[in-house]
Amino acid sequence: MNEPKKLYRTEGKAAMLAGVCGGIAEYFGLDPSIVRLLWAALTLFWGVGLLLYIVAAVILPRKSDVYPGY
């Protein structure tokens with residue numbers, strides 16, 4: 001039985017700030033740079049991106065918490 005995908009923050013070299021965009025990119029199978037560009041556009045054009053990023057950084061667990069031994 002396949003384990004369901006889990007959303008988390010990346011760690012190490014994959015994380016630029018808090019690892020939110022890297023985690024979202026891994027979840028959806030996208031390049032992290034594309035997610036970061038989309039997130040920056042969301043912040044610049046609608047102003048909610050920064051608030052959503054902070055909330056996600058607080059709420060989402062780290063990858064090592066979701067997958068022990070990572």
# chains A, B, ... in the order shown; residues from 1 in each chain; ligands from 1

$ residues_around --residues "range 53-61 of chain A" --least-positions-apart "2" --cutoff "7 Å" --atoms "only C-alpha atoms" --output "compact mmCIF listing (two decimals) with N, CA and C atoms, in the first residue's frame"
# COMPACT_ATOMS: atom_id res chain seq x y z
N TYR A 8 5.74 19.21 3.69
CA TYR A 8 6.70 19.56 4.73
C TYR A 8 7.61 20.67 4.21
N ARG A 9 8.45 21.20 5.12
CA ARG A 9 9.48 22.17 4.74
C ARG A 9 10.77 21.41 4.49
N ALA A 18 13.06 29.31 4.83
CA ALA A 18 12.52 28.35 5.79
C ALA A 18 12.23 27.01 5.13
N VAL A 20 9.90 26.41 2.75
CA VAL A 20 8.49 26.25 2.37
C VAL A 20 8.36 25.99 0.86
N GLY A 49 1.48 36.95 -0.28
CA GLY A 49 2.49 35.90 -0.31
C GLY A 49 3.37 35.86 0.92
N LEU A 50 3.79 37.00 1.41
CA LEU A 50 4.65 37.05 2.59
C LEU A 50 3.92 36.51 3.82
N LEU A 51 2.70 36.92 4.00
CA LEU A 51 1.92 36.43 5.14
C LEU A 51 1.70 34.92 5.04
N LYS A 63 11.09 18.30 7.14
CA LYS A 63 11.15 16.99 6.49
C LYS A 63 11.66 15.93 7.45
N ASP A 65 11.16 15.76 10.57
CA ASP A 65 10.10 15.42 11.51
C ASP A 65 9.08 14.47 10.88
N VAL A 66 8.84 14.63 9.58
CA VAL A 66 7.88 13.79 8.86
C VAL A 66 8.50 12.44 8.54

$ closest_residue --among "A:Leu52, A:Leu44, A:Leu38, A:Leu7" --to "Glu26 in chain A" --atoms "only C-alpha atoms"
A:Leu7

$ residues_around --residues "Ala14 in chain A" --least-positions-apart "3" --cutoff "9 Å" --atoms "only C-alpha atoms" --output "compact mmCIF listing (two decimals) with N, CA, C and O atoms, in the first residue's frame"
# COMPACT_ATOMS: atom_id res chain seq x y z
N THR A 10 11.48 21.76 3.44
CA THR A 10 12.76 21.11 3.16
C THR A 10 13.83 21.67 4.09
O THR A 10 13.67 22.72 4.71
N GLU A 11 14.94 20.95 4.14
CA GLU A 11 16.05 21.35 5.00
C GLU A 11 17.36 21.29 4.21
O GLU A 11 17.41 20.71 3.14
N GLY A 19 12.39 26.89 3.83
CA GLY A 19 12.17 25.63 3.13
C GLY A 19 10.75 25.39 2.66
O GLY A 19 10.42 24.30 2.22
N GLY A 22 10.57 24.90 -1.25
CA GLY A 22 11.19 23.62 -1.58
C GLY A 22 10.28 22.45 -1.25
O GLY A 22 10.18 21.49 -2.00
N GLY A 23 9.61 22.53 -0.12
CA GLY A 23 8.68 21.48 0.27
C GLY A 23 7.47 21.40 -0.65
O GLY A 23 7.03 20.32 -1.03
N PRO A 32 11.98 23.75 -7.65
CA PRO A 32 11.83 24.76 -6.59
C PRO A 32 11.95 26.20 -7.08
O PRO A 32 11.31 27.09 -6.54

$ residues_around --residues "range 33-36 of chain A" --least-positions-apart "5" --cutoff "8 Å" --atoms "only C-alpha atoms" --output "VMD selection string"
chain A and resid 21 to 22 24 to 25
